[in-house]
file start_34.cif (mmCIF, C-alpha atoms and all ligand atoms)
data_work
loop_
_atom_site.label_atom_id
_atom_site.label_comp_id
_atom_site.auth_asym_id
_atom_site.auth_seq_id
_atom_site.Cartn_x
_atom_site.Cartn_y
_atom_site.Cartn_z
CA MET A 777 -14.60 -24.28 -0.36
CA SER A 778 -15.46 -20.64 -0.70
CA LYS A 779 -15.67 -20.42 3.07
CA GLN A 780 -12.17 -21.86 3.47
CA SER A 781 -10.51 -19.53 1.03
CA TYR A 782 -12.22 -16.62 2.77
CA LYS A 783 -10.72 -17.85 6.02
CA VAL A 784 -7.25 -18.06 4.53
CA CYS A 785 -7.68 -14.58 3.18
CA PHE A 786 -8.82 -13.35 6.58
CA CYS A 787 -5.86 -14.94 8.33
CA PHE A 788 -3.57 -13.38 5.85
CA ARG A 789 -4.89 -9.92 6.44
CA ARG A 790 -4.84 -10.36 10.16
CA ARG A 791 -1.22 -11.39 10.11
CA PHE A 792 -0.29 -8.48 7.92
CA GLY A 793 -1.99 -6.23 10.37
CA LEU A 794 -0.01 -7.55 13.32
CA THR A 795 2.71 -4.92 13.41
CA VAL A 796 2.37 -3.59 16.92
CA SER A 797 4.05 -5.99 19.21
CA GLU A 798 3.18 -7.26 22.64
CA ALA A 799 5.68 -7.09 25.49
CA PRO A 800 7.85 -10.22 25.70
CA GLN A 801 7.48 -12.44 28.76
CA THR A 802 10.68 -11.11 30.31
CA ILE A 803 9.37 -7.54 30.21
CA LYS A 804 6.04 -8.61 31.71
CA LYS A 805 7.89 -10.35 34.54
CA LEU A 806 10.08 -7.33 35.19
CA PHE A 807 7.03 -5.10 35.26
CA GLU A 808 5.38 -7.39 37.79
CA GLN A 809 8.52 -7.36 39.89
CA TYR A 810 8.83 -3.56 39.86
CA SER A 811 5.19 -2.49 40.20
CA GLU A 812 2.18 -2.68 42.51
CA ASN A 813 -1.38 -3.19 41.33
CA GLY A 814 -0.33 -2.63 37.71
CA ILE A 815 1.37 0.69 38.50
CA MET A 816 5.09 1.43 38.31
CA ASN A 817 5.85 4.67 40.13
CA ALA A 818 9.13 6.58 40.31
CA ASP A 819 10.37 4.50 43.28
CA HIS A 820 9.72 1.23 41.47
CA PHE A 821 11.22 2.58 38.29
CA LEU A 822 14.32 3.81 40.15
CA SER A 823 14.86 0.30 41.56
CA PHE A 824 14.48 -1.09 38.04
CA LEU A 825 17.04 1.37 36.65
CA VAL A 826 19.55 0.59 39.38
CA GLU A 827 19.08 -3.18 39.65
CA GLU A 828 18.36 -4.19 36.07
CA GLN A 829 19.80 -1.40 33.93
CA LYS A 830 22.81 -0.94 36.24
CA GLU A 831 22.48 2.83 36.12
CA ASP A 832 24.20 3.63 39.39
CA LYS A 833 24.10 7.43 39.29
CA VAL A 834 20.37 7.86 38.71
CA THR A 835 18.17 9.61 41.33
CA LYS A 836 14.46 9.38 42.08
CA GLU A 837 14.00 12.78 40.41
CA ASP A 838 15.72 11.46 37.26
CA ALA A 839 13.45 8.41 37.30
CA GLN A 840 10.36 10.64 37.60
CA THR A 841 11.56 12.85 34.72
CA VAL A 842 12.16 9.81 32.48
CA ILE A 843 8.63 8.55 33.21
CA GLU A 844 7.04 11.93 32.47
CA ASN A 845 9.06 12.47 29.27
CA ALA A 846 8.22 8.97 28.07
CA LEU A 847 4.51 9.49 28.75
CA ARG A 848 4.59 12.79 26.86
CA GLU A 849 6.01 10.90 23.86
CA LEU A 850 3.27 8.29 24.20
CA ARG A 851 0.38 10.75 24.53
CA HIS A 852 -1.58 8.93 21.81
CA LEU A 853 -1.83 5.86 24.05
CA PRO A 854 -4.80 5.54 26.38
CA ILE A 855 -2.76 6.22 29.50
CA PHE A 856 -4.57 8.02 32.25
CA HIS A 857 -1.79 8.49 34.74
CA ARG A 858 0.74 11.13 33.86
CA LYS A 859 3.26 10.20 36.54
CA VAL A 860 3.43 6.41 36.48
CA PHE A 861 3.95 3.60 33.99
CA ASN A 862 1.52 0.84 33.20
CA LEU A 863 2.87 -2.27 31.43
CA GLU A 864 2.24 -0.88 27.96
CA ALA A 865 3.94 2.45 28.63
CA PHE A 866 6.87 0.73 30.36
CA PHE A 867 7.33 -1.59 27.34
CA LYS A 868 7.02 1.31 24.87
CA TYR A 869 9.60 3.28 26.81
CA LEU A 870 12.08 0.36 26.83
CA PHE A 871 11.60 -0.11 23.09
CA SER A 872 12.00 3.59 22.25
CA ASP A 873 14.83 5.85 21.13
CA SER A 874 14.94 7.18 24.70
CA ASN A 875 16.56 3.90 25.76
CA PRO A 876 19.62 3.50 23.47
CA PRO A 877 22.41 0.92 23.89
CA LEU A 878 25.17 3.52 24.02
CA SER A 879 25.25 6.44 26.40
CA THR A 880 24.63 9.80 24.80
CA SER A 881 25.63 11.90 27.81
CA PRO A 882 29.40 11.53 28.40
CA GLY A 883 30.34 12.88 24.96
CA VAL A 884 34.10 12.96 24.47
CA HIS A 885 35.34 11.15 27.57
CA HIS A 886 38.72 9.68 26.59
CA ASP A 887 41.88 11.52 27.64
CA MET A 888 42.42 13.82 24.67
CA THR A 889 45.83 15.15 25.72
CA ALA A 890 47.95 12.14 24.71
CA PRO A 891 50.11 12.12 21.58
CA LEU A 892 48.21 11.59 18.33
CA SER A 893 49.72 8.12 17.96
CA HIS A 894 47.72 7.00 21.02
CA TYR A 895 44.44 7.29 19.14
CA TYR A 896 42.61 5.46 16.44
CA ILE A 897 41.70 8.07 13.91
CA TYR A 898 38.66 7.81 11.76
CA THR A 899 40.02 7.53 8.28
CA GLY A 900 37.34 7.92 5.72
CA HIS A 901 38.87 7.52 2.34
CA ASN A 902 41.93 6.14 0.69
CA SER A 903 44.27 7.17 -2.04
CA TYR A 904 45.88 4.41 -3.99
CA LEU A 905 49.57 4.54 -4.58
CA THR A 906 50.70 3.10 -7.83
CA GLY A 907 54.02 1.35 -8.08
CA ASN A 908 54.30 1.29 -4.30
CA GLN A 909 57.48 -0.55 -3.40
CA LEU A 910 56.13 -1.50 0.01
CA SER A 911 53.45 -3.68 -1.49
CA SER A 912 55.80 -5.87 -3.45
CA ASP A 913 58.53 -6.15 -0.87
CA CYS A 914 58.05 -7.80 2.48
CA SER A 915 61.16 -6.36 4.11
CA ASP A 916 61.33 -3.53 6.62
CA VAL A 917 63.95 -1.75 4.57
CA PRO A 918 61.69 0.52 2.54
CA ILE A 919 59.81 1.48 5.70
CA ILE A 920 63.03 2.29 7.51
CA HIS A 921 64.16 4.38 4.58
CA ALA A 922 60.88 6.20 4.58
CA LEU A 923 61.18 6.84 8.32
CA GLN A 924 64.73 8.06 7.94
CA ARG A 925 63.46 10.53 5.40
CA GLY A 926 61.12 11.81 8.08
CA VAL A 927 57.92 10.13 6.94
CA ARG A 928 55.39 9.75 9.80
CA VAL A 929 52.45 8.34 7.88
CA ILE A 930 53.15 4.98 6.30
CA GLU A 931 50.90 3.23 3.83
CA LEU A 932 51.02 -0.54 3.61
CA ASP A 933 49.17 -2.80 1.25
CA ILE A 934 47.29 -5.65 2.76
CA TRP A 935 45.62 -8.40 0.83
CA PRO A 936 43.74 -11.58 1.54
CA ASN A 937 45.53 -14.89 1.86
CA SER A 938 44.00 -18.13 0.69
CA THR A 939 41.47 -18.37 3.54
CA LYS A 940 38.39 -16.36 2.70
CA ASP A 941 38.56 -12.93 4.31
CA ASN A 942 41.67 -13.30 6.35
CA VAL A 943 44.18 -10.60 5.61
CA GLU A 944 47.93 -11.02 5.61
CA VAL A 945 49.55 -8.30 7.63
CA LEU A 946 53.07 -7.26 6.92
CA HIS A 947 55.56 -7.06 9.73
CA GLY A 948 53.24 -7.77 12.68
CA ARG A 949 55.76 -7.14 15.45
CA TYR A 950 57.50 -4.29 13.74
CA TYR A 951 54.14 -2.83 13.00
CA TYR A 952 53.17 -2.87 16.64
CA ARG A 953 56.26 -1.08 18.03
CA PHE A 954 56.11 1.42 15.26
CA THR A 955 52.57 2.42 16.17
CA GLN A 956 53.46 3.29 19.75
CA ARG A 957 55.15 6.46 18.56
CA ASN A 958 54.26 6.87 14.93
CA ILE A 959 51.20 7.11 12.80
CA LEU A 960 50.38 4.18 10.56
CA ARG A 961 47.73 4.18 7.90
CA VAL A 962 46.52 0.98 6.23
CA TYR A 963 44.06 0.63 3.43
CA PRO A 964 42.62 -2.13 1.27
CA LYS A 965 44.15 -2.44 -2.13
CA GLY A 966 41.18 -1.77 -4.34
CA THR A 967 42.15 -4.07 -7.14
CA ARG A 968 42.64 -7.08 -4.89
CA VAL A 969 40.26 -6.72 -2.01
CA ASP A 970 36.53 -6.43 -2.24
CA SER A 971 35.88 -3.84 0.43
CA SER A 972 33.26 -6.05 2.06
CA ASN A 973 36.00 -8.61 2.76
CA TYR A 974 38.38 -6.15 4.26
CA ASN A 975 38.67 -6.43 8.03
CA PRO A 976 39.73 -3.11 9.60
CA MET A 977 40.07 -4.90 12.96
CA ILE A 978 43.38 -6.37 11.82
CA GLY A 979 44.88 -2.90 11.47
CA TRP A 980 43.46 -1.74 14.82
CA MET A 981 44.68 -4.71 16.80
CA HIS A 982 48.17 -4.04 15.54
CA GLY A 983 47.88 -0.46 16.67
CA ALA A 984 47.42 1.25 13.31
CA GLN A 985 45.79 4.62 13.93
CA MET A 986 44.37 5.17 10.49
CA VAL A 987 42.61 2.27 8.90
CA ALA A 988 41.21 3.45 5.63
CA PHE A 989 38.51 1.88 3.55
CA ASN A 990 36.95 2.46 0.20
CA MET A 991 34.14 4.99 0.57
CA GLN A 992 32.33 3.60 -2.45
CA GLY A 993 32.11 0.19 -0.92
CA TYR A 994 29.84 -0.90 1.83
CA GLY A 995 29.46 -4.04 3.82
CA ARG A 996 31.15 -5.40 6.87
CA SER A 997 34.24 -3.14 6.80
CA LEU A 998 32.10 -0.02 6.71
CA TRP A 999 29.84 -1.35 9.49
CA LEU A 1000 32.84 -2.08 11.70
CA MET A 1001 34.25 1.36 10.98
CA HIS A 1002 30.94 3.01 11.95
CA GLY A 1003 30.80 0.89 15.10
CA MET A 1004 34.35 1.63 16.18
CA PHE A 1005 33.90 5.37 15.95
CA LYS A 1006 30.62 5.50 17.83
CA ALA A 1007 32.89 5.40 20.88
CA ASN A 1008 34.18 8.54 22.64
CA GLY A 1009 31.18 10.66 21.74
CA GLY A 1010 31.62 9.98 18.04
CA CYS A 1011 34.39 12.58 17.85
CA GLY A 1012 36.45 10.54 15.40
CA TYR A 1013 39.28 9.83 17.85
CA VAL A 1014 39.27 6.73 20.04
CA LYS A 1015 42.03 6.23 22.59
CA LYS A 1016 43.94 3.02 21.92
CA PRO A 1017 43.91 0.48 24.77
CA GLU A 1018 46.88 0.73 27.16
CA PHE A 1019 48.37 -2.60 26.09
CA LEU A 1020 48.95 -1.20 22.60
CA LEU A 1021 50.82 1.79 24.01
CA LYS A 1022 53.30 0.00 26.25
CA THR A 1023 55.70 -2.90 26.12
CA GLY A 1024 55.79 -5.34 29.02
CA PRO A 1025 58.57 -5.57 31.66
CA HIS A 1026 60.54 -7.94 29.39
CA ASN A 1027 59.97 -5.81 26.34
CA GLU A 1028 57.16 -8.07 25.14
CA VAL A 1029 54.50 -6.68 22.83
CA PHE A 1030 50.80 -7.34 22.50
CA ASP A 1031 50.16 -10.34 20.30
CA PRO A 1032 46.57 -10.43 19.01
CA LYS A 1033 46.90 -14.15 18.31
CA ALA A 1034 48.06 -15.06 21.82
CA LYS A 1035 45.77 -17.21 23.96
CA LEU A 1036 44.72 -14.90 26.78
CA PRO A 1037 42.42 -15.55 29.73
CA VAL A 1038 38.77 -14.55 29.35
CA LYS A 1039 38.32 -11.13 30.97
CA THR A 1040 34.55 -10.94 30.78
CA THR A 1041 31.66 -12.67 29.08
CA LEU A 1042 29.12 -10.58 27.21
CA LYS A 1043 25.64 -12.03 27.50
CA VAL A 1044 23.34 -10.83 24.74
CA SER A 1045 19.60 -11.48 24.72
CA ILE A 1046 17.67 -10.72 21.60
CA TYR A 1047 14.00 -10.51 22.44
CA MET A 1048 12.25 -9.13 19.41
CA GLY A 1049 12.32 -6.75 16.49
CA GLU A 1050 9.88 -4.39 14.82
CA GLY A 1051 9.58 -1.50 12.40
CA TRP A 1052 10.11 -3.20 9.03
CA TYR A 1053 6.40 -2.89 8.34
CA TYR A 1054 6.77 0.88 8.35
CA ASP A 1055 10.17 1.24 6.65
CA PHE A 1056 9.76 -1.25 3.78
CA LYS A 1057 7.20 -1.92 1.10
CA HIS A 1058 4.92 -4.72 2.20
CA THR A 1059 6.06 -6.87 -0.71
CA HIS A 1060 9.75 -6.05 -0.24
CA PHE A 1061 10.74 -9.31 1.45
CA ASP A 1062 8.11 -11.79 0.24
CA ALA A 1063 5.55 -10.98 -2.42
CA TYR A 1064 2.81 -13.17 -0.96
CA SER A 1065 3.44 -13.42 2.75
CA PRO A 1066 5.00 -11.52 5.66
CA PRO A 1067 8.78 -11.79 6.08
CA ASP A 1068 10.78 -14.61 7.66
CA PHE A 1069 13.41 -12.88 9.79
CA TYR A 1070 16.41 -14.23 11.62
CA ALA A 1071 19.13 -12.28 13.42
CA ARG A 1072 22.88 -12.73 13.54
CA VAL A 1073 24.76 -11.53 16.60
CA GLY A 1074 28.49 -11.69 17.12
CA ILE A 1075 31.83 -10.16 17.90
CA ALA A 1076 34.50 -8.59 15.75
CA GLY A 1077 37.74 -8.48 17.69
CA VAL A 1078 40.95 -10.41 18.21
CA PRO A 1079 40.76 -13.87 16.58
CA ALA A 1080 39.97 -15.62 19.87
CA ASP A 1081 36.94 -13.38 20.47
CA THR A 1082 35.61 -13.31 16.92
CA ASP A 1083 32.32 -15.15 16.65
CA MET A 1084 28.96 -14.96 14.92
CA LYS A 1085 25.78 -16.66 16.10
CA LYS A 1086 22.32 -16.93 14.67
CA THR A 1087 18.74 -17.06 15.92
CA ARG A 1088 16.19 -19.37 14.39
CA THR A 1089 14.11 -18.07 11.49
CA LEU A 1090 10.60 -16.93 12.43
CA GLU A 1091 8.24 -17.41 9.54
CA ASP A 1092 5.70 -14.87 8.34
CA ASN A 1093 6.05 -12.26 11.03
CA TRP A 1094 6.66 -8.51 10.74
CA ALA A 1095 7.47 -8.31 14.46
CA PRO A 1096 9.54 -11.46 15.22
CA SER A 1097 9.99 -12.52 18.86
CA TRP A 1098 13.12 -14.63 18.96
CA ASN A 1099 13.77 -14.55 22.72
CA GLU A 1100 17.22 -16.10 22.39
CA GLU A 1101 20.36 -15.60 24.44
CA PHE A 1102 24.00 -15.82 23.40
CA GLN A 1103 27.24 -15.66 25.33
CA PHE A 1104 30.52 -14.26 24.06
CA PRO A 1105 33.61 -14.86 26.20
CA LEU A 1106 36.00 -11.97 25.57
CA THR A 1107 39.77 -12.03 26.07
CA VAL A 1108 40.27 -8.49 24.73
CA PRO A 1109 36.97 -6.66 25.35
CA GLU A 1110 38.76 -3.34 24.78
CA LEU A 1111 38.92 -4.09 21.06
CA ALA A 1112 35.61 -5.89 20.66
CA LEU A 1113 32.74 -4.65 18.53
CA LEU A 1114 29.28 -6.17 18.84
CA ARG A 1115 27.85 -6.98 15.41
CA ILE A 1116 24.10 -7.25 14.91
CA GLU A 1117 22.39 -8.09 11.64
CA VAL A 1118 18.89 -9.09 10.59
CA HIS A 1119 18.23 -11.06 7.42
CA GLU A 1120 15.13 -12.41 5.81
CA TYR A 1121 15.25 -16.05 4.80
CA ASP A 1122 14.54 -17.00 1.23
CA MET A 1123 14.48 -20.63 0.23
CA SER A 1124 15.19 -20.12 -3.45
CA GLU A 1125 17.36 -17.02 -3.64
CA LYS A 1126 19.81 -15.02 -1.60
CA ASP A 1127 18.42 -13.91 1.78
CA ASP A 1128 17.18 -10.33 1.96
CA PHE A 1129 18.97 -7.80 4.10
CA GLY A 1130 16.91 -6.47 7.02
CA GLY A 1131 19.29 -4.13 8.87
CA GLN A 1132 22.55 -4.02 10.79
CA THR A 1133 24.41 -2.17 13.47
CA CYS A 1134 27.76 -2.42 15.17
CA LEU A 1135 28.46 -1.18 18.72
CA PRO A 1136 31.70 -0.75 20.70
CA VAL A 1137 31.52 -3.30 23.53
CA SER A 1138 33.50 -0.98 25.84
CA GLU A 1139 30.66 1.56 25.78
CA LEU A 1140 27.69 -0.79 25.79
CA LYS A 1141 25.08 0.00 28.45
CA LYS A 1142 23.91 -2.94 30.48
CA GLY A 1143 20.29 -3.94 30.76
CA ILE A 1144 17.38 -3.90 28.33
CA ARG A 1145 17.94 -1.54 25.40
CA ALA A 1146 16.32 -0.53 22.12
CA VAL A 1147 18.86 -1.02 19.33
CA SER A 1148 18.15 0.91 16.12
CA LEU A 1149 19.23 -0.78 12.91
CA SER A 1150 20.69 0.84 9.82
CA SER A 1151 20.81 0.14 6.10
CA ARG A 1152 23.79 -1.44 4.34
CA LYS A 1153 25.21 2.01 3.83
CA GLY A 1154 24.85 2.85 7.50
CA ASP A 1155 21.81 5.15 7.35
CA GLN A 1156 19.59 4.56 10.36
CA TYR A 1157 16.09 3.31 9.55
CA ASN A 1158 13.22 5.33 10.97
CA SER A 1159 11.48 2.47 12.75
CA VAL A 1160 13.48 -0.77 12.53
CA LYS A 1161 14.82 -1.74 15.91
CA LEU A 1162 15.53 -4.67 18.19
CA LEU A 1163 14.77 -5.09 21.87
CA MET A 1164 17.90 -6.57 23.45
CA ARG A 1165 19.61 -7.06 26.76
CA PHE A 1166 23.31 -6.83 27.56
CA ASP A 1167 25.07 -8.13 30.64
CA PHE A 1168 28.67 -8.78 31.53
CA VAL A 1169 29.17 -11.90 33.61
CA CA B 1 12.12 -12.94 0.96
CA CA B 2 7.26 -15.34 4.32
#
call {"tool": "encode", "arguments": {"input": "start_34.cif", "output": "C-alpha cells", "more": "lines below"}}
Ligand SMILES: [Ca+2]
Ligand SMILES: [Ca+2]
result
Amino acid sequence: MSKQSYKVCFCFRRRFGLTVSEAPQTIKKLFEQYSENGIMNADHFLSFLVEEQKEDKVTKEDAQTVIENALRELRHLPIFHRKVFNLEAFFKYLFSDSNPPLSTSPGVHHDMTAPLSHYYIYTGHNSYLTGNQLSSDCSDVPIIHALQRGVRVIELDIWPNSTKDNVEVLHGRYYYRFTQRNILRVYPKGTRVDSSNYNPMIGWMHGAQMVAFNMQGYGRSLWLMHGMFKANGGCGYVKKPEFLLKTGPHNEVFDPKAKLPVKTTLKVSIYMGEGWYYDFKHTHFDAYSPPDFYARVGIAGVPADTDMKKTRTLEDNWAPSWNEEFQFPLTVPELALLRIEVHEYDMSEKDDFGGQTCLPVSELKKGIRAVSLSSRKGDQYNSVKLLMRFDFV
C-alpha cells in the first residue's frame, strides 16, 4: 500500500514537471524532409521557408540570419553548431516569438490617401447620449435632419433582439450607402447590452467606420476590436474592403446576409500549447492536478462565415498536444477575424479561462506559426502560446 501511494505521488510530480514540450510529429517529419543527417542548413531552411511557410521573398542570406539569430536566443541549449539547426533548435525557433502569425515588417501598408470614410477607425470609448431620438425612432428622418444640419458623425443605438447576441441594426441599406461618403459611429447602449455580447462586426460589415465599445467591459467585443486593428501595422486605421466603397453596375449594395460563393478556405491546425506553467500559479486551474485544456478556434465575420469549433479536452497536461485541424470556408475573407481561445475544463463549475487572441485573416501568414495568447483584457501573457498552422486552400 505504501509503495503504491508513493508511486502515485511520483507520477504526480513527474507530470507536474512535464512543462517543456516535445516537437509534434508534424514538425519531426518536416525536419526530416528538410535536413540531412540531423542537420538543417541554410539551404534546407530556405526551402522550408519557401515551400512550407510560403515566404516567397526570402533569400539564402535571410535564412542564414534567421538561423543564427534563433541560435543566439537559444544559447542555453546544448547546441554545438552555430550555423545550422538540429531538430530541437528548429522546433524552438518555430515555437518562438521570432515566428509570429502576423507580419511585423510591412507596417502601415494600406493606401492612406483615401477619404477618411474609406477606413475603419479604431474607436476606443463611447459617450452615451441621453434622450437620443434616434434610438426610439426607426425612421431615417432624424438622420436626414441631422445630415442636413451638417452632421458627419452619426450615433445610432443598437440592441440585441430575442436571439442571444444578435444585434438589430437600424436601416441596413441606408446605413451602407451613407458610409461610402460619411462617417458613422455605432456603440453599444450600456444599459441594454452587456459589452461581452456586443458584436462590433455588425457595424463593420455595414461600413461603419467607428464602432465604439465600452472600455470598462471586456470579452468578445474587445477581443474582436483588438484583432481588427492589428491589421495595417496597428496604426488604428484599416482600409475598408472595396465592396463597401462602391455600388455595383445596377446600383446594388453589399448585403452581408447574401449567400456568396466561397472565395477561400482557411485551414487551421492547432498542434499544441505551452506556457501556462510559467504564467499561472500551479493550483490556478485545478488544486490537485494539472489542467485540462481545450481550445476553441473560429471565425468572426459575415453570418455565413461565422463559426466556432472546439478541440477535445486533454486531461492533466500543462503542455497539451491537440494536433487537430479545422477548415473554415470563407465567402468574405476581407472581413474575417480568426478567433482563438483556450479554456480549462471543470466538471463542477464554470470552465477556467486560459487565454485568447484574435487575428485579421487578411494578414495571416501561412505556414507553422507561434501564436501568443492574451488575458481577457487583452494583455499578452509572457509565455502562453500555441503552435499552429495556417493554409488557404
Ligand atoms: Ca479547473
Ligand atoms: Ca486536471
call {"tool": "residues_around", "arguments": {"input": "start_34.cif", "residues": "Met1001 (chain A)", "least_positions_apart": "3", "cutoff": "8 Å", "atoms": "only C-alpha atoms", "output": "JSON, numbers by chain"}}
result
{"A": [898, 976, 997, 998, 1004, 1005]}
call {"tool": "residues_near_ligand", "arguments": {"input": "start_34.cif", "ligand": "ligand CA 2 (chain B)", "cutoff": "7 Å", "atoms": "all atoms listed in the file", "output": "ChimeraX atom specification"}}
result
/A:1062,1065-1068,1091-1092
call {"tool": "residues_near_ligand", "arguments": {"input": "start_34.cif", "ligand": "ligand CA 1 (chain B)", "cutoff": "12 Å", "atoms": "only C-alpha atoms and all ligand atoms", "output": "PyMOL selection string"}}
result
chain A and resi 1058-1070+1089+1091-1093+1119-1130
call {"tool": "closest_residue", "arguments": {"input": "start_34.cif", "among": "A:Gln1103, A:Asn845, A:Gln985, A:Asn975", "to": "Ser872 (chain A)", "atoms": "only C-alpha atoms"}}
result
A:Asn845
call {"tool": "closest_residue", "arguments": {"input": "start_34.cif", "among": "A:Pro1079, A:Pro1109, A:Gly883, A:Gly1049", "to": "Ser1097 (chain A)", "atoms": "only C-alpha atoms"}}
result
A:Gly1049
call {"tool": "residues_near_point", "arguments": {"input": "start_34.cif", "point": "(5.8, 8.8, 38.6)", "cutoff": "12 Å", "atoms": "all atoms listed in the file", "output": "list in words"}}
result
Ser811, Ile815, Met816, Asn817, Ala818, Asp819, His820, Phe821, Leu822, Lys836, Glu837, Asp838, Ala839, Gln840, Thr841, Val842, Ile843, Glu844, Asn845, Ala846, Leu847, His857, Arg858, Lys859, Val860, Phe861, Asn862, Ala865 and Phe866 of chain A
call {"tool": "atom_distance", "arguments": {"input": "start_34.cif", "atom1": "CA of Ala1071 (chain A)", "atom2": "CA of Val1038 (chain A)"}}
result
25.4 Å
call {"tool": "residues_near_point", "arguments": {"input": "start_34.cif", "point": "(18.7, -12.2, 25.9)", "cutoff": "12 Å", "atoms": "all atoms listed in the file", "output": "count of residues only"}}
result
31
call {"tool": "closest_residue", "arguments": {"input": "start_34.cif", "among": "A:Gly995, A:Lys1085, A:Asp1055, A:Ala1112", "to": "Val1160 (chain A)", "atoms": "only C-alpha atoms"}}
result
A:Asp1055
call {"tool": "closest_residue", "arguments": {"input": "start_34.cif", "among": "A:Asp1031, A:Glu864, A:Glu1050, A:Glu1018", "to": "Asp887 (chain A)", "atoms": "all atoms listed in the file"}}
result
A:Glu1018
call {"tool": "closest_residue", "arguments": {"input": "start_34.cif", "among": "A:Trp980, A:Glu1139, A:Asn813, A:Thr1041", "to": "Gly1009 (chain A)", "atoms": "all atoms listed in the file"}}
result
A:Glu1139
